[in-house]
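Heads up: the structure comes next, in structure tokens.
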Amino acid sequence: AVAVQFLEHASDLRARLHEHLEGASEETTEPAVSSEPQDELEVEAEYTEPGYVGNGSTEPEYGLREGDSFGEPVEFDELDDLAVDPGELEHVLKDVEGELLDEDLATPAQDERRSGPRGRASVPVQLATTDFQLDGRTRDLSESGVLISADATELPLGKKVKVRLQSPNSGDPIEVSGRVSRRVETDGTVAAVGVEFEASDGESDVIAEYVQEVQADAAERRETGISGPIEELGMPNLIQVLGSTSAKGTLIATRGEEEGVIAFESGLLRYARLGSLRSIKALSRLLAWEQGRFEFSSNVDALEEEDEPQSLEVAILEAVRQMDECGRVGGVTVEMTTTFQVDGDARSQGAEGSKIEQAVLDLAEAGFTLRRLIDVIPEPDAEILGAVNALVDLGVLTPN
């Protein structure tokens, strides 16, 4: 296998491909693999070795090596008469430019579900099942479904859910039934969940109107807000600068598959969220992000359960203190995706541990990853990691 890195910006590349595919974007019943060759489009690229991580990384980059060459252009009809369906290529390009999370070409069933126009939009949302309720925010939204940032570890594929969305203008809720159609897993947790709507005929028009309203509001926020890479200023500086220069606002940060949000008003922290994390614990985790992207708008969406009001400056100082404490935790180092084996005999013979240690052991016996352990237990990360290290040293916990 080889990796190829395009040397054009995604928006420029998409514009070129739009021109190339002009006249070929109408819906067709032709199969995705056709025996008819298509016009050739040359795109400048460079060869990269496996493990290429892109610009801005601290890891070594790989590009054209001495002696390498692109060779002669290859015609489409030389590639075993394979051709890509323009509709599929258009779909993939939209996902790349919008930084959505679809990793594979859509199957026919997925194409049917994604028939409505999709757009990036962030509004509060609640997922309710017969067992529990989950709070999150939408990432992108269409008339056929929604992708939601939330700690969705307990939601298996196919699970029936009720999606309660909030209007960004009026605040009025809209409730839609659906099924979990996708789980975005990362770093020992589920960072996002996709829900396919199962709306009745009468609900379809209501959903369509709501989606148009949310997408229009999201577009306006992007136009009047600011965005960019986190690494240019760093999360602590970003929050301090924005908090001191704006009366209110919402900062949405993304890193890989994860997305967090920080909202403030009149110098007070309204809320901070990252998966299941809230308040200072979520803020501390977000402040540690050194790479990713951010979007800021001077709006704040009200939540049903917001954090206890506190000074934004004080909250940042406490979050930074917790970050520093976490960085000083020594001992055994394991990946966040690690699970643990609990030695029942050692646990029963040992002295009664702290409440944090007992919680760690209970969750470890339930098969939780290290990431899930420190997310679920409400104490600061440093105290939980210290308890894990102590239990590992005693032989009560063994990393799998």
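Within each chain, counting starts at residue 1; across the structure tokens, chains are named A, B, ... in the order shown, with ligands numbered 1 upward in that order.
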Can you list every residue of range 278-319 of chain A that has an atom at most 12 Å from range 366-379 of chain A, with its nearest atom pair and the distance in Å to one decimal, using only C-alpha atoms, ordered by chain then number, as a tab-separated table?
residue	atom	partner	partner_atom	distance
A:Arg278	CA	A:Pro378	CA	9.0
A:Ser279	CA	A:Pro378	CA	10.5
A:Ile280	CA	A:Pro378	CA	10.3
A:Lys281	CA	A:Pro378	CA	7.9
A:Ala282	CA	A:Asp375	CA	9.2
A:Arg285	CA	A:Asp375	CA	10.1
Would you put the residues from that selection into a file with N, CA and C atoms, as a compact mmCIF listing (two decimals), in the first residue's frame?
# COMPACT_ATOMS: atom_id res chain seq x y z
N ARG A 278 -17.90 17.59 33.39
CA ARG A 278 -18.52 18.90 33.57
C ARG A 278 -17.60 19.82 34.36
N SER A 279 -17.91 21.11 34.27
CA SER A 279 -17.30 22.15 35.09
C SER A 279 -15.77 22.08 35.07
N ILE A 280 -15.13 22.18 36.27
CA ILE A 280 -13.68 22.30 36.36
C ILE A 280 -12.97 21.10 35.77
N LYS A 281 -13.53 19.92 35.99
CA LYS A 281 -12.88 18.70 35.47
C LYS A 281 -12.84 18.73 33.94
N ALA A 282 -13.94 19.14 33.30
CA ALA A 282 -13.95 19.27 31.84
C ALA A 282 -13.02 20.38 31.39
N ARG A 285 -9.36 19.29 31.55
CA ARG A 285 -9.01 18.38 30.46
C ARG A 285 -8.84 19.16 29.15
**Message:** Residues within 9 Å of Gly330 in chain A, please, as a list in words. Count only C-alpha atoms; anything in the same chain fewer than 6 positions from it doesn't count.
**Reply:**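 Returned residues: Leu385, Gly386 and Asn389 of chain A.
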Tell me, counting only C-alpha atoms, for each residue of range 113-184 of chain A within 9 Å of range 211-217 of chain A, which pair of atoms is nearest and how far apart they are in Å to one decimal, in rows ordered by chain and increasing number, as a Markdown table.
| residue | atom | partner | partner_atom | distance |
| --- | --- | --- | --- | --- |
| A:Arg118 | CA | A:Gln215 | CA | 8.7 |
| A:Gly119 | CA | A:Gln215 | CA | 6.2 |
| A:Arg120 | CA | A:Gln215 | CA | 7.1 |
| A:Ala121 | CA | A:Gln215 | CA | 5.9 |
| A:Ser122 | CA | A:Val214 | CA | 8.3 |
| A:Val123 | CA | A:Val214 | CA | 7.9 |
| A:Asp140 | CA | A:Gln215 | CA | 8.9 |
| A:Leu141 | CA | A:Val211 | CA | 6.9 |
| A:Ser142 | CA | A:Val211 | CA | 6.3 |
| A:Glu143 | CA | A:Val211 | CA | 6.4 |
| A:Ser167 | CA | A:Val214 | CA | 7.0 |
| A:Pro168 | CA | A:Val214 | CA | 6.6 |
| A:Asn169 | CA | A:Asp217 | CA | 8.0 |
Prev. selection, N, CA, C and O atoms, output as a PDB file, in the first residue's frame:
ATOM      1  N   ARG A 118     -26.519  17.793   4.666  1.00  0.00           N
ATOM      2  CA  ARG A 118     -25.948  17.769   5.998  1.00  0.00           C
ATOM      3  C   ARG A 118     -25.175  19.050   6.220  1.00  0.00           C
ATOM      4  O   ARG A 118     -24.575  19.604   5.309  1.00  0.00           O
ATOM      5  N   GLY A 119     -25.177  19.514   7.458  1.00  0.00           N
ATOM      6  CA  GLY A 119     -24.436  20.723   7.762  1.00  0.00           C
ATOM      7  C   GLY A 119     -23.947  20.706   9.192  1.00  0.00           C
ATOM      8  O   GLY A 119     -24.595  20.151  10.076  1.00  0.00           O
ATOM      9  N   ARG A 120     -22.782  21.314   9.408  1.00  0.00           N
ATOM     10  CA  ARG A 120     -22.234  21.390  10.759  1.00  0.00           C
ATOM     11  C   ARG A 120     -23.062  22.366  11.575  1.00  0.00           C
ATOM     12  O   ARG A 120     -23.274  23.509  11.172  1.00  0.00           O
ATOM     13  N   ALA A 121     -23.529  21.917  12.719  1.00  0.00           N
ATOM     14  CA  ALA A 121     -24.346  22.752  13.591  1.00  0.00           C
ATOM     15  C   ALA A 121     -24.198  22.260  15.012  1.00  0.00           C
ATOM     16  O   ALA A 121     -24.206  21.058  15.259  1.00  0.00           O
ATOM     17  N   SER A 122     -24.048  23.195  15.950  1.00  0.00           N
ATOM     18  CA  SER A 122     -23.847  22.829  17.346  1.00  0.00           C
ATOM     19  C   SER A 122     -24.938  23.450  18.197  1.00  0.00           C
ATOM     20  O   SER A 122     -24.974  24.669  18.399  1.00  0.00           O
ATOM     21  N   VAL A 123     -25.853  22.622  18.674  1.00  0.00           N
ATOM     22  CA  VAL A 123     -26.900  23.046  19.597  1.00  0.00           C
ATOM     23  C   VAL A 123     -27.043  21.984  20.681  1.00  0.00           C
ATOM     24  O   VAL A 123     -26.728  20.816  20.460  1.00  0.00           O
ATOM     25  N   ASP A 140     -23.139  17.596  13.398  1.00  0.00           N
ATOM     26  CA  ASP A 140     -23.751  17.929  12.112  1.00  0.00           C
ATOM     27  C   ASP A 140     -25.132  17.309  12.078  1.00  0.00           C
ATOM     28  O   ASP A 140     -25.429  16.341  12.773  1.00  0.00           O
ATOM     29  N   LEU A 141     -25.976  17.894  11.263  1.00  0.00           N
ATOM     30  CA  LEU A 141     -27.400  17.614  11.330  1.00  0.00           C
ATOM     31  C   LEU A 141     -27.990  17.589   9.937  1.00  0.00           C
ATOM     32  O   LEU A 141     -27.627  18.392   9.081  1.00  0.00           O
ATOM     33  N   SER A 142     -28.895  16.666   9.690  1.00  0.00           N
ATOM     34  CA  SER A 142     -29.644  16.619   8.435  1.00  0.00           C
ATOM     35  C   SER A 142     -31.057  16.175   8.761  1.00  0.00           C
ATOM     36  O   SER A 142     -31.382  15.860   9.914  1.00  0.00           O
ATOM     37  N   GLU A 143     -31.904  16.134   7.748  1.00  0.00           N
ATOM     38  CA  GLU A 143     -33.279  15.709   7.957  1.00  0.00           C
ATOM     39  C   GLU A 143     -33.380  14.222   8.248  1.00  0.00           C
ATOM     40  O   GLU A 143     -34.415  13.736   8.709  1.00  0.00           O
ATOM     41  N   SER A 167     -34.183  24.567  19.867  1.00  0.00           N
ATOM     42  CA  SER A 167     -34.084  25.614  18.859  1.00  0.00           C
ATOM     43  C   SER A 167     -33.087  26.677  19.303  1.00  0.00           C
ATOM     44  O   SER A 167     -33.142  27.139  20.445  1.00  0.00           O
ATOM     45  N   PRO A 168     -32.154  27.086  18.428  1.00  0.00           N
ATOM     46  CA  PRO A 168     -31.169  28.095  18.822  1.00  0.00           C
ATOM     47  C   PRO A 168     -31.766  29.498  18.952  1.00  0.00           C
ATOM     48  O   PRO A 168     -31.146  30.370  19.571  1.00  0.00           O
ATOM     49  N   ASN A 169     -32.931  29.720  18.383  1.00  0.00           N
ATOM     50  CA  ASN A 169     -33.550  31.046  18.423  1.00  0.00           C
ATOM     51  C   ASN A 169     -34.619  31.150  19.504  1.00  0.00           C
ATOM     52  O   ASN A 169     -34.537  31.967  20.411  1.00  0.00           O
TER      53      ASN A 169
END
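Going from CA of Arg221 in chain A to CA of Gln126 in chain A covers 21.8 Å.
Look at Gln358 in chain A: the protein and nucleic acid residues within 12 Å of it, using only C-alpha atoms and passing over chain neighbours fewer than 2 places away, are Val342, Arg347, Ser348, Gly350, Ala351, Glu352, Gly353, Ser354, Lys355, Ile356, Val360, Leu361, Asp362, Leu363, Ala364, Glu365, Leu373, Ile377, Ile384, Ala387, Val388, Leu391, Val396 and Leu397 of chain A.
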**Asked** Out of A:Asp393, A:Glu313, A:Asp307, A:Glu232, which residue has the shortest atom-to-atom distance to Thr333 in chain A when counting only C-alpha atoms?
**Response**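 Residue with the minimum atom-to-atom distance to Thr333 in chain A: A:Asp393.
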